[in-house]
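As provided, coords02.cif (mmCIF, C-alpha atoms and all ligand atoms) reads as follows.
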```
data_protein
#
loop_
_atom_site.label_atom_id
_atom_site.label_comp_id
_atom_site.auth_asym_id
_atom_site.auth_seq_id
_atom_site.Cartn_x
_atom_site.Cartn_y
_atom_site.Cartn_z
CA MET T 1 -29.81 60.36 4.80
CA ALA T 2 -33.52 61.13 4.22
CA THR T 3 -35.64 61.38 7.35
CA ASP T 4 -39.12 62.28 6.09
CA GLN T 5 -41.77 59.58 5.71
CA PRO T 6 -41.93 58.70 1.99
CA ALA T 7 -45.32 58.93 0.33
CA GLU T 8 -45.68 55.48 -1.23
CA ASN T 9 -45.24 52.21 0.58
CA THR T 10 -45.01 48.99 -1.46
CA TYR T 11 -44.82 46.72 1.62
CA LEU T 12 -47.70 44.27 1.71
CA LEU T 13 -47.85 44.39 5.53
CA ASP T 14 -48.36 47.42 7.77
CA SER T 15 -44.85 48.77 8.35
CA GLU T 16 -46.05 51.13 11.13
CA SER T 17 -47.67 48.35 13.14
CA PRO T 18 -46.06 47.68 16.55
CA THR T 19 -47.11 44.03 16.17
CA GLU T 20 -45.22 43.79 12.88
CA MET T 21 -42.21 45.44 14.50
CA ALA T 22 -42.29 42.93 17.38
CA ARG T 23 -42.50 40.07 14.85
CA LEU T 24 -39.45 41.40 12.97
CA ILE T 25 -37.40 41.91 16.16
CA HIS T 26 -37.95 38.26 16.99
CA LEU T 27 -37.56 37.01 13.38
CA ASP T 28 -34.17 38.70 13.03
CA ARG T 29 -32.79 36.80 16.02
CA PHE T 30 -33.60 33.31 14.84
CA ILE T 31 -32.89 34.03 11.18
CA THR T 32 -29.38 35.39 11.87
CA LYS T 33 -28.73 32.48 14.24
CA GLY T 34 -29.91 30.04 11.54
CA MET T 35 -27.49 31.68 9.08
CA GLY T 36 -24.58 31.24 11.48
CA GLY T 37 -23.95 35.00 11.84
CA VAL T 38 -24.35 38.31 10.03
CA LEU T 39 -21.66 37.90 7.38
CA VAL T 40 -21.31 34.16 7.05
CA GLY T 41 -19.32 33.14 3.96
CA ILE T 42 -17.53 36.49 3.60
CA ALA T 43 -13.82 35.66 3.62
CA ASP T 44 -12.48 38.95 4.98
CA PRO T 45 -15.03 41.33 6.59
CA LYS T 46 -12.11 43.59 7.62
CA LEU T 47 -12.11 44.88 4.03
CA PHE T 48 -15.53 46.53 4.50
CA HIS T 49 -15.75 49.95 6.08
CA ASP T 50 -19.03 51.53 4.92
CA VAL T 51 -21.94 49.11 5.13
CA LEU T 52 -25.65 49.58 4.36
CA ASP T 53 -28.71 47.44 5.10
CA LEU T 54 -31.78 48.15 2.94
CA GLY T 55 -35.23 47.48 4.45
CA CYS T 56 -33.49 47.02 7.82
CA GLY T 57 -36.68 46.76 9.91
CA PRO T 58 -36.01 47.26 13.66
CA GLY T 59 -32.27 47.11 12.93
CA GLY T 60 -31.12 43.74 14.30
CA TRP T 61 -28.72 42.98 11.43
CA VAL T 62 -27.17 46.46 11.52
CA LEU T 63 -26.73 46.42 15.32
CA ASP T 64 -25.19 42.94 15.34
CA THR T 65 -22.84 43.87 12.48
CA ALA T 66 -21.80 47.15 14.14
CA PHE T 67 -21.15 45.28 17.42
CA THR T 68 -19.22 42.41 15.82
CA TYR T 69 -17.14 44.65 13.54
CA PRO T 70 -16.44 47.92 15.42
CA HIS T 71 -14.22 49.21 12.56
CA MET T 72 -17.31 49.40 10.28
CA GLU T 73 -19.78 52.28 9.91
CA VAL T 74 -23.10 50.49 9.49
CA ALA T 75 -26.27 52.25 8.29
CA GLY T 76 -29.78 50.91 7.94
CA VAL T 77 -32.75 52.40 6.09
CA ASP T 78 -36.41 51.45 6.22
CA ILE T 79 -39.72 53.02 5.23
CA SER T 80 -41.07 52.55 8.76
CA ARG T 81 -40.73 55.51 11.10
CA ILE T 82 -41.44 53.44 14.24
CA MET T 83 -38.84 50.81 13.31
CA VAL T 84 -36.18 53.44 12.53
CA ASP T 85 -36.87 55.25 15.83
CA TYR T 86 -36.66 51.97 17.73
CA ALA T 87 -33.41 51.01 15.95
CA ASN T 88 -31.81 54.41 16.68
CA ALA T 89 -32.84 54.11 20.35
CA ARG T 90 -31.25 50.65 20.54
CA ALA T 91 -28.03 51.94 18.94
CA ARG T 92 -27.89 54.68 21.59
CA THR T 93 -28.60 52.38 24.56
CA GLN T 94 -26.02 49.86 23.30
CA GLN T 95 -23.57 52.75 22.73
CA LEU T 96 -23.02 51.62 19.16
CA THR T 97 -21.82 54.92 17.72
CA ASN T 98 -20.99 53.15 14.44
CA ALA T 99 -24.66 52.22 13.78
CA SER T 100 -27.23 54.67 12.37
CA PHE T 101 -30.70 54.50 10.87
CA GLY T 102 -32.90 56.64 8.62
CA VAL T 103 -36.26 56.54 6.88
CA MET T 104 -36.03 55.90 3.14
CA ASN T 105 -38.16 54.32 0.43
CA ILE T 106 -35.95 51.71 -1.23
CA ALA T 107 -38.41 51.29 -4.11
CA GLU T 108 -37.31 54.74 -5.30
CA PRO T 109 -33.85 56.09 -6.23
CA LEU T 110 -31.67 55.74 -3.12
CA ASP T 111 -30.69 58.96 -1.42
CA PHE T 112 -26.94 58.18 -1.30
CA PRO T 113 -24.09 59.43 -3.49
CA ASP T 114 -22.48 57.14 -6.07
CA ALA T 115 -19.83 54.72 -4.81
CA SER T 116 -20.45 55.33 -1.09
CA PHE T 117 -20.54 51.75 0.30
CA ASP T 118 -18.30 48.67 0.40
CA LEU T 119 -21.18 46.33 1.23
CA VAL T 120 -24.91 46.62 0.59
CA ASN T 121 -27.06 44.02 2.35
CA ALA T 122 -30.79 43.34 2.06
CA ARG T 123 -32.85 40.53 3.56
CA PHE T 124 -36.39 39.39 2.85
CA LEU T 125 -37.60 41.90 0.28
CA PHE T 126 -39.96 39.42 -1.46
CA GLY T 127 -43.00 41.28 -0.07
CA VAL T 128 -41.36 44.71 -0.35
CA LEU T 129 -40.37 45.12 -3.99
CA PRO T 130 -42.81 44.29 -6.79
CA ARG T 131 -41.17 42.15 -9.51
CA ASP T 132 -40.98 45.15 -11.89
CA SER T 133 -38.88 47.10 -9.36
CA TRP T 134 -36.06 44.60 -8.93
CA GLY T 135 -34.08 45.71 -12.02
CA SER T 136 -33.95 49.35 -10.95
CA PHE T 137 -33.34 48.33 -7.31
CA ILE T 138 -30.23 46.30 -8.26
CA ALA T 139 -29.07 49.15 -10.53
CA GLU T 140 -29.36 51.54 -7.58
CA CYS T 141 -27.41 49.15 -5.32
CA THR T 142 -24.72 49.00 -8.02
CA ARG T 143 -24.59 52.78 -8.27
CA ILE T 144 -24.03 53.30 -4.54
CA LEU T 145 -21.44 50.50 -4.25
CA ARG T 146 -17.77 51.21 -4.79
CA PRO T 147 -16.12 49.28 -7.63
CA GLY T 148 -15.48 45.77 -6.30
CA GLY T 149 -17.98 46.32 -3.44
CA VAL T 150 -20.31 43.50 -2.45
CA LEU T 151 -24.08 43.18 -2.89
CA ARG T 152 -25.55 40.57 -0.53
CA LEU T 153 -29.18 39.46 -0.85
CA THR T 154 -31.01 36.92 1.33
CA GLU T 155 -34.45 35.53 0.47
CA LEU T 156 -36.71 32.67 1.49
CA VAL T 157 -36.69 29.65 -0.84
CA GLU T 158 -40.26 28.77 0.14
CA MET T 159 -42.75 29.82 2.79
CA GLY T 160 -41.89 26.69 4.80
CA MET T 161 -42.23 23.00 4.17
CA SER T 162 -44.12 20.95 6.72
CA SER T 163 -46.22 17.92 7.64
CA SER T 164 -49.28 20.13 8.30
CA PRO T 165 -51.81 20.08 5.42
CA ALA T 166 -53.33 23.36 6.65
CA LEU T 167 -49.97 25.13 6.85
CA GLU T 168 -49.06 23.84 3.39
CA GLN T 169 -52.33 25.31 2.10
CA LEU T 170 -51.71 28.61 3.88
CA CYS T 171 -48.21 28.88 2.35
CA GLU T 172 -49.62 28.03 -1.08
CA VAL T 173 -52.33 30.69 -0.80
CA CYS T 174 -49.76 33.27 0.33
CA CYS T 175 -47.48 32.52 -2.67
CA GLN T 176 -50.49 32.71 -4.97
CA ALA T 177 -51.57 36.06 -3.48
CA LEU T 178 -48.07 37.56 -3.74
CA TRP T 179 -47.87 36.48 -7.37
CA ARG T 180 -51.33 37.87 -8.17
CA VAL T 181 -50.44 41.30 -6.80
CA GLY T 182 -47.16 41.42 -8.74
CA TYR T 183 -44.45 40.07 -6.43
CA GLY T 184 -41.92 37.28 -7.07
CA PHE T 185 -40.74 35.67 -10.29
CA SER T 186 -42.75 32.44 -10.21
CA PRO T 187 -44.35 31.71 -13.61
CA ASN T 188 -47.62 30.65 -11.94
CA GLY T 189 -47.62 31.60 -8.24
CA ARG T 190 -46.84 28.08 -7.03
CA THR T 191 -43.71 29.31 -5.20
CA LEU T 192 -42.27 32.60 -3.93
CA GLY T 193 -40.11 32.60 -7.05
CA MET T 194 -37.14 34.57 -5.71
CA THR T 195 -34.09 32.36 -5.24
CA HIS T 196 -33.96 31.00 -8.82
CA THR T 197 -33.93 34.56 -10.22
CA ILE T 198 -31.67 36.58 -7.89
CA PRO T 199 -28.31 35.13 -9.06
CA TRP T 200 -29.40 35.53 -12.68
CA MET T 201 -30.36 39.19 -12.11
CA MET T 202 -27.08 39.89 -10.32
CA ARG T 203 -24.95 38.28 -13.05
CA HIS T 204 -26.88 40.22 -15.69
CA ALA T 205 -26.19 43.43 -13.77
CA GLY T 206 -22.48 42.60 -14.13
CA TYR T 207 -21.76 41.11 -10.68
CA THR T 208 -18.75 38.80 -10.58
CA HIS T 209 -17.40 36.14 -8.19
CA MET T 210 -20.97 35.16 -7.34
CA GLN T 211 -21.35 32.93 -4.29
CA GLN T 212 -24.32 31.48 -2.47
CA ALA T 213 -25.18 29.82 0.85
CA LEU T 214 -28.25 27.76 1.70
CA HIS T 215 -29.60 27.99 5.25
CA ALA T 216 -31.97 25.38 6.66
CA LEU T 217 -33.87 25.90 9.90
CA GLU T 218 -35.75 22.90 11.24
CA TYR T 219 -38.85 23.75 13.27
CA SER T 220 -40.27 20.33 13.99
CA ALA T 221 -42.18 19.91 17.27
CA ASP T 222 -39.07 18.74 19.13
CA CYS T 223 -36.78 21.54 17.86
CA GLU T 224 -35.80 24.80 19.55
CA ALA T 225 -36.97 26.82 16.52
CA TRP T 226 -40.53 25.44 16.75
CA ALA T 227 -41.64 28.13 19.23
CA ASP T 228 -39.98 30.88 17.14
CA ILE T 229 -41.63 29.85 13.91
CA TYR T 230 -44.96 29.07 15.55
CA ARG T 231 -45.04 32.62 16.92
CA ASN T 232 -43.97 34.06 13.58
CA THR T 233 -46.63 32.03 11.72
CA GLU T 234 -49.34 33.06 14.19
CA ILE T 235 -48.59 36.78 13.72
CA ALA T 236 -47.46 36.85 10.06
CA TYR T 237 -50.65 35.25 8.78
CA ILE T 238 -52.83 37.69 10.72
CA GLN T 239 -50.80 40.57 9.30
CA SER T 240 -50.97 39.08 5.78
CA LYS T 241 -54.70 38.41 5.83
CA PRO T 242 -55.82 41.76 4.33
CA PHE T 243 -53.65 41.55 1.21
CA ILE T 244 -54.29 37.82 0.72
CA ILE T 245 -58.08 38.27 0.87
CA LYS T 246 -57.86 41.36 -1.36
CA SER T 247 -55.87 39.37 -3.95
CA GLY T 248 -58.86 37.05 -4.40
CA ALA T 249 -56.73 33.93 -3.81
CA ILE T 250 -59.14 32.66 -1.11
CA SER T 251 -62.33 33.70 0.69
CA GLU T 252 -62.15 35.20 4.18
CA GLU T 253 -64.09 32.28 5.73
CA GLU T 254 -61.81 29.68 4.16
CA TYR T 255 -58.71 31.64 5.18
CA GLU T 256 -59.87 31.85 8.78
CA GLN T 257 -60.55 28.11 8.84
CA ILE T 258 -57.12 27.06 7.47
CA TYR T 259 -55.37 29.60 9.71
CA GLN T 260 -56.98 28.13 12.87
CA GLN T 261 -56.34 24.59 11.62
CA THR T 262 -52.66 25.47 11.03
CA LEU T 263 -52.21 26.52 14.65
CA ILE T 264 -53.80 23.24 15.82
CA GLU T 265 -51.69 21.09 13.47
CA MET T 266 -48.46 22.87 14.43
CA HIS T 267 -49.09 21.74 18.03
CA ALA T 268 -49.12 18.04 17.05
CA PRO T 269 -46.28 16.14 18.76
CA ASP T 270 -45.20 14.71 15.38
CA PHE T 271 -45.30 18.07 13.53
CA ARG T 272 -42.30 18.37 11.19
CA GLY T 273 -41.15 21.49 9.37
CA MET T 274 -38.19 23.14 7.69
CA TRP T 275 -37.51 26.68 6.45
CA HIS T 276 -34.97 27.18 3.67
CA TYR T 277 -33.48 30.53 2.80
CA MET T 278 -30.52 31.52 0.67
CA THR T 279 -27.91 34.26 0.58
CA PHE T 280 -26.30 35.38 -2.68
CA TRP T 281 -23.36 37.74 -2.92
CA GLY T 282 -21.05 39.02 -5.61
CA ASN T 283 -18.73 41.89 -6.48
CA ARG T 284 -19.89 44.99 -8.23
CA PRO T 285 -18.27 45.35 -11.64
CA ALA T 286 -15.29 47.75 -11.79
CA ALA T 287 -17.28 50.04 -14.12
CA SER T 288 -21.08 50.16 -14.29
CA PRO T 289 -22.33 47.77 -17.06
CA GLU T 290 -23.88 50.51 -19.19
CA SER T 291 -20.83 52.81 -19.09
C1 LIG T 301 -39.74 41.32 5.90
S1 LIG T 301 -39.13 42.78 6.64
C2 LIG T 301 -37.38 42.44 6.68
C3 LIG T 301 -36.66 43.18 7.76
C4 LIG T 301 -35.15 42.90 7.86
N1 LIG T 301 -34.48 43.10 6.57
C5 LIG T 301 -34.85 41.52 8.38
O1 LIG T 301 -34.35 40.68 7.64
O2 LIG T 301 -35.13 41.26 9.57
C6 LIG T 301 -39.27 43.99 5.38
C7 LIG T 301 -38.90 45.38 5.85
O3 LIG T 301 -38.94 46.25 4.71
C8 LIG T 301 -39.52 47.49 5.11
N2 LIG T 301 -40.05 48.13 3.89
C9 LIG T 301 -41.19 47.83 3.26
N3 LIG T 301 -41.33 48.59 2.15
C10 LIG T 301 -40.24 49.41 2.11
C11 LIG T 301 -39.81 50.42 1.22
N4 LIG T 301 -40.51 50.73 0.12
N5 LIG T 301 -38.66 51.05 1.49
C12 LIG T 301 -37.93 50.74 2.60
N6 LIG T 301 -38.29 49.77 3.48
C13 LIG T 301 -39.43 49.10 3.23
C14 LIG T 301 -40.56 47.11 6.14
O4 LIG T 301 -40.89 48.21 6.95
C15 LIG T 301 -39.85 45.99 6.86
O5 LIG T 301 -39.10 46.49 7.94
#
```
Render the structure in this file as structure tokens.
Amino acid sequence: MATDQPAENTYLLDSESPTEMARLIHLDRFITKGMGGVLVGIADPKLFHDVLDLGCGPGGWVLDTAFTYPHMEVAGVDISRIMVDYANARARTQQLTNASFGVMNIAEPLDFPDASFDLVNARFLFGVLPRDSWGSFIAECTRILRPGGVLRLTELVEMGMSSSPALEQLCEVCCQALWRVGYGFSPNGRTLGMTHTIPWMMRHAGYTHMQQALHALEYSADCEAWADIYRNTEIAYIQSKPFIIKSGAISEEEYEQIYQQTLIEMHAPDFRGMWHYMTFWGNRPAASPES
């Protein structure tokens, strides 16, 4: 597995930022909980031995999978050196000898031999891979999967739906900025534009037995997830500010104003909100589609 820091980083946030790492450590916990576990919907996880997580961040999904399924060898790769070091340290302290991590740029050809995994997982790559990279990314996943192996992709449906006008505006501006800089498959930047296109791309890459699961996480003022998503919103929109302003979707003054207003409105006792995200999975074709 590659260990050197790759030259080009397509992530729209700063992947070497400790603040971003802390956000992702926390995000992983409530997202996996909201999904009902690491491999929800998979009928027989015992069939998987070699498992890979692409863009694994600080490694939560890999560590939970390695702990839950000790018969698996679970690897995670990420472009971030600090996240990979943290994840390897956690694997050591938890004595998870079946979990390992390395630095790799997943926007480039993957540094793994053909047919080396039974399951390839990736979660929340909407701000990682530009829309033009998705075709080659799925082709690379197909190449490294064994025939019949499973590709499993999880993405947000929208940036969050809520009763806060400011938060709605912030989400809208973020979708618009992502679209302007070349991410997501929305025709106009109104949405993130991922979940309507992923199953189509997978079927067209030859994947069979496609399945999907919708996850809904309520974060209204009286819900447990409110504090989690408030904290995530507070940090994510500071981290996102540079690329959003640079995209020209909004001025810095206006952004600052709606950001502060969002934090106020999220504290309202009648604040209501819901996150939706979806997982898609299917089996790699027995032979690669072009062969
Ligand atoms: C939104 S986070 C998702 C983290 C994790 N998959 C999860 O669900 O908690 C995106 C991750 O992709 C990583 N990343 C960004 N660009 C990358 C690239 N070109 N190659 C590999 N990893 C990348 C970031 O460092 C970050 O950890």
Produce a table with one row for each residue of range 124-187 of chain T that has an atom at most 12 Å from any atom of range 226-231 of chain T, each row naming the nearest atom pair and its distance in Å at one decimal; use all atoms listed in the file; arrange rows by chain and rising residue number; format as a tab-separated table.
```
residue	atom	partner	partner_atom	distance
T:Met159	CA	T:Ile229	CA	11.2
T:Gly160	CA	T:Ile229	CA	9.6
T:Met161	CA	T:Ile229	CA	11.9
T:Ser162	CA	T:Trp226	CA	11.6
T:Leu167	CA	T:Tyr230	CA	10.8
```
Could you turn the residues from that selection into a file that holds C-alpha atoms, as a PDB file, in the frame of the given file?
```
ATOM      1  CA  MET T 159     -42.750  29.820   2.790  1.00  0.00           C
ATOM      2  CA  GLY T 160     -41.890  26.690   4.800  1.00  0.00           C
ATOM      3  CA  MET T 161     -42.230  23.000   4.170  1.00  0.00           C
ATOM      4  CA  SER T 162     -44.120  20.950   6.720  1.00  0.00           C
ATOM      5  CA  LEU T 167     -49.970  25.130   6.850  1.00  0.00           C
TER       6      LEU T 167
END
```
Check which residues fall inside 8 Å of ligand LIG 301 (chain T) when counting only C-alpha atoms and all ligand atoms, and print them as a PDB file with C-alpha atoms, in the frame of the given file.
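New file result_39.pdb:
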```pdb
ATOM      1  CA  GLU T   8     -45.680  55.480  -1.230  1.00  0.00           C
ATOM      2  CA  ASN T   9     -45.240  52.210   0.580  1.00  0.00           C
ATOM      3  CA  THR T  10     -45.010  48.990  -1.460  1.00  0.00           C
ATOM      4  CA  TYR T  11     -44.820  46.720   1.620  1.00  0.00           C
ATOM      5  CA  LEU T  12     -47.700  44.270   1.710  1.00  0.00           C
ATOM      6  CA  LEU T  13     -47.850  44.390   5.530  1.00  0.00           C
ATOM      7  CA  ASP T  14     -48.360  47.420   7.770  1.00  0.00           C
ATOM      8  CA  SER T  15     -44.850  48.770   8.350  1.00  0.00           C
ATOM      9  CA  GLU T  16     -46.050  51.130  11.130  1.00  0.00           C
ATOM     10  CA  MET T  21     -42.210  45.440  14.500  1.00  0.00           C
ATOM     11  CA  LEU T  24     -39.450  41.400  12.970  1.00  0.00           C
ATOM     12  CA  ILE T  25     -37.400  41.910  16.160  1.00  0.00           C
ATOM     13  CA  LEU T  27     -37.560  37.010  13.380  1.00  0.00           C
ATOM     14  CA  ASP T  28     -34.170  38.700  13.030  1.00  0.00           C
ATOM     15  CA  ILE T  31     -32.890  34.030  11.180  1.00  0.00           C
ATOM     16  CA  ASP T  53     -28.710  47.440   5.100  1.00  0.00           C
ATOM     17  CA  LEU T  54     -31.780  48.150   2.940  1.00  0.00           C
ATOM     18  CA  GLY T  55     -35.230  47.480   4.450  1.00  0.00           C
ATOM     19  CA  CYS T  56     -33.490  47.020   7.820  1.00  0.00           C
ATOM     20  CA  GLY T  57     -36.680  46.760   9.910  1.00  0.00           C
ATOM     21  CA  PRO T  58     -36.010  47.260  13.660  1.00  0.00           C
ATOM     22  CA  GLY T  59     -32.270  47.110  12.930  1.00  0.00           C
ATOM     23  CA  GLY T  60     -31.120  43.740  14.300  1.00  0.00           C
ATOM     24  CA  TRP T  61     -28.720  42.980  11.430  1.00  0.00           C
ATOM     25  CA  VAL T  77     -32.750  52.400   6.090  1.00  0.00           C
ATOM     26  CA  ASP T  78     -36.410  51.450   6.220  1.00  0.00           C
ATOM     27  CA  ILE T  79     -39.720  53.020   5.230  1.00  0.00           C
ATOM     28  CA  SER T  80     -41.070  52.550   8.760  1.00  0.00           C
ATOM     29  CA  MET T  83     -38.840  50.810  13.310  1.00  0.00           C
ATOM     30  CA  VAL T 103     -36.260  56.540   6.880  1.00  0.00           C
ATOM     31  CA  MET T 104     -36.030  55.900   3.140  1.00  0.00           C
ATOM     32  CA  ASN T 105     -38.160  54.320   0.430  1.00  0.00           C
ATOM     33  CA  ILE T 106     -35.950  51.710  -1.230  1.00  0.00           C
ATOM     34  CA  ALA T 107     -38.410  51.290  -4.110  1.00  0.00           C
ATOM     35  CA  GLU T 108     -37.310  54.740  -5.300  1.00  0.00           C
ATOM     36  CA  ALA T 122     -30.790  43.340   2.060  1.00  0.00           C
ATOM     37  CA  ARG T 123     -32.850  40.530   3.560  1.00  0.00           C
ATOM     38  CA  PHE T 124     -36.390  39.390   2.850  1.00  0.00           C
ATOM     39  CA  LEU T 125     -37.600  41.900   0.280  1.00  0.00           C
ATOM     40  CA  PHE T 126     -39.960  39.420  -1.460  1.00  0.00           C
ATOM     41  CA  GLY T 127     -43.000  41.280  -0.070  1.00  0.00           C
ATOM     42  CA  VAL T 128     -41.360  44.710  -0.350  1.00  0.00           C
ATOM     43  CA  LEU T 129     -40.370  45.120  -3.990  1.00  0.00           C
TER      44      LEU T 129
END
```
- Sel. within 8 Å of pt (-33.6, 29.8, 6.3), counting only C-alpha atoms, output as an MDAnalysis selection string: chainID T and resid 31 34:35 156:157 214:217 275:278
- Can you find the residues with an atom no farther than 12 Å from (-53.1, 36.7, 2.5), counting all atoms listed in the file, and report them as a ChimeraX atom specification? /T:12-13,127,169-181,236-252,254-256,258-259
- Interatomic distance (Å, one decimal) between CA of Leu192 in chain T and CA of Glu158 in chain T: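 A separation of 5.9 Å between them.
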- Check the smallest atom-to-atom distance from each of T:Asn188, T:Gln261, T:Thr197, T:Ser164 to Trp134 in chain T using only C-alpha atoms, then report the winner.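 So, comparing all the options, the nearest one is T:Thr197.
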- CA of Lys46 in chain T to CA of Ala205 in chain T, distance in Å rounded to a single decimal: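 About the pair CA of Lys46 in chain T and CA of Ala205 in chain T: they are 25.6 Å apart.
Residue nearest Val150 in chain T within the list T:Asp44, T:Asp111, T:Asp118, T:Asp50: T:Asp118 [criterion: smallest interatomic distance, only C-alpha atoms].
Atom to atom, CA of Ile264 in chain T and CA of Ala166 in chain T stand 9.2 Å apart.
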N, CA and C atoms restored at range 168-189 of chain T, emitted as a PDB file, in the frame of the given file:
```pdb
ATOM      1  N   GLU T 168     -49.439  23.919   4.800  1.00  0.00           N
ATOM      2  CA  GLU T 168     -49.060  23.840   3.390  1.00  0.00           C
ATOM      3  C   GLU T 168     -50.017  24.668   2.533  1.00  0.00           C
ATOM      4  N   GLN T 169     -51.303  24.568   2.867  1.00  0.00           N
ATOM      5  CA  GLN T 169     -52.330  25.310   2.100  1.00  0.00           C
ATOM      6  C   GLN T 169     -52.179  26.820   2.314  1.00  0.00           C
ATOM      7  N   LEU T 170     -51.876  27.187   3.561  1.00  0.00           N
ATOM      8  CA  LEU T 170     -51.710  28.610   3.880  1.00  0.00           C
ATOM      9  C   LEU T 170     -50.515  29.194   3.107  1.00  0.00           C
ATOM     10  N   CYS T 171     -49.415  28.430   3.075  1.00  0.00           N
ATOM     11  CA  CYS T 171     -48.210  28.880   2.350  1.00  0.00           C
ATOM     12  C   CYS T 171     -48.516  29.009   0.853  1.00  0.00           C
ATOM     13  N   GLU T 172     -49.275  28.038   0.349  1.00  0.00           N
ATOM     14  CA  GLU T 172     -49.620  28.030  -1.080  1.00  0.00           C
ATOM     15  C   GLU T 172     -50.464  29.254  -1.436  1.00  0.00           C
ATOM     16  N   VAL T 173     -51.438  29.545  -0.570  1.00  0.00           N
ATOM     17  CA  VAL T 173     -52.330  30.690  -0.800  1.00  0.00           C
ATOM     18  C   VAL T 173     -51.536  32.002  -0.733  1.00  0.00           C
ATOM     19  N   CYS T 174     -50.568  32.057   0.186  1.00  0.00           N
ATOM     20  CA  CYS T 174     -49.760  33.270   0.330  1.00  0.00           C
ATOM     21  C   CYS T 174     -48.907  33.491  -0.925  1.00  0.00           C
ATOM     22  N   CYS T 175     -48.283  32.407  -1.428  1.00  0.00           N
ATOM     23  CA  CYS T 175     -47.480  32.520  -2.670  1.00  0.00           C
ATOM     24  C   CYS T 175     -48.373  32.968  -3.829  1.00  0.00           C
ATOM     25  N   GLN T 176     -49.551  32.387  -3.898  1.00  0.00           N
ATOM     26  CA  GLN T 176     -50.490  32.710  -4.970  1.00  0.00           C
ATOM     27  C   GLN T 176     -50.897  34.191  -4.903  1.00  0.00           C
ATOM     28  N   ALA T 177     -51.157  34.662  -3.662  1.00  0.00           N
ATOM     29  CA  ALA T 177     -51.570  36.060  -3.480  1.00  0.00           C
ATOM     30  C   ALA T 177     -50.442  37.013  -3.862  1.00  0.00           C
ATOM     31  N   LEU T 178     -49.220  36.705  -3.405  1.00  0.00           N
ATOM     32  CA  LEU T 178     -48.070  37.560  -3.740  1.00  0.00           C
ATOM     33  C   LEU T 178     -47.916  37.656  -5.261  1.00  0.00           C
ATOM     34  N   TRP T 179     -48.028  36.521  -5.908  1.00  0.00           N
ATOM     35  CA  TRP T 179     -47.870  36.480  -7.370  1.00  0.00           C
ATOM     36  C   TRP T 179     -48.971  37.296  -8.058  1.00  0.00           C
ATOM     37  N   ARG T 180     -50.207  37.136  -7.559  1.00  0.00           N
ATOM     38  CA  ARG T 180     -51.330  37.870  -8.170  1.00  0.00           C
ATOM     39  C   ARG T 180     -51.172  39.380  -8.069  1.00  0.00           C
ATOM     40  N   VAL T 181     -50.575  39.842  -6.956  1.00  0.00           N
ATOM     41  CA  VAL T 181     -50.440  41.300  -6.800  1.00  0.00           C
ATOM     42  C   VAL T 181     -49.105  41.821  -7.329  1.00  0.00           C
ATOM     43  N   GLY T 182     -48.338  40.936  -8.006  1.00  0.00           N
ATOM     44  CA  GLY T 182     -47.160  41.420  -8.740  1.00  0.00           C
ATOM     45  C   GLY T 182     -45.814  41.244  -8.063  1.00  0.00           C
ATOM     46  N   TYR T 183     -45.723  40.291  -7.137  1.00  0.00           N
ATOM     47  CA  TYR T 183     -44.450  40.070  -6.430  1.00  0.00           C
ATOM     48  C   TYR T 183     -43.895  38.681  -6.756  1.00  0.00           C
ATOM     49  N   GLY T 184     -42.571  38.580  -6.833  1.00  0.00           N
ATOM     50  CA  GLY T 184     -41.920  37.280  -7.070  1.00  0.00           C
ATOM     51  C   GLY T 184     -41.903  36.911  -8.542  1.00  0.00           C
ATOM     52  N   PHE T 185     -40.986  35.998  -8.880  1.00  0.00           N
ATOM     53  CA  PHE T 185     -40.740  35.670 -10.290  1.00  0.00           C
ATOM     54  C   PHE T 185     -41.237  34.269 -10.650  1.00  0.00           C
ATOM     55  N   SER T 186     -42.169  33.728  -9.863  1.00  0.00           N
ATOM     56  CA  SER T 186     -42.750  32.440 -10.210  1.00  0.00           C
ATOM     57  C   SER T 186     -43.555  32.608 -11.506  1.00  0.00           C
ATOM     58  N   PRO T 187     -43.530  31.592 -12.391  1.00  0.00           N
ATOM     59  CA  PRO T 187     -44.350  31.710 -13.610  1.00  0.00           C
ATOM     60  C   PRO T 187     -45.837  31.539 -13.345  1.00  0.00           C
ATOM     61  N   ASN T 188     -46.199  30.969 -12.168  1.00  0.00           N
ATOM     62  CA  ASN T 188     -47.620  30.650 -11.940  1.00  0.00           C
ATOM     63  C   ASN T 188     -48.087  30.860 -10.499  1.00  0.00           C
ATOM     64  N   GLY T 189     -47.214  31.361  -9.624  1.00  0.00           N
ATOM     65  CA  GLY T 189     -47.620  31.600  -8.240  1.00  0.00           C
ATOM     66  C   GLY T 189     -47.559  30.376  -7.357  1.00  0.00           C
TER      67      GLY T 189
END
```
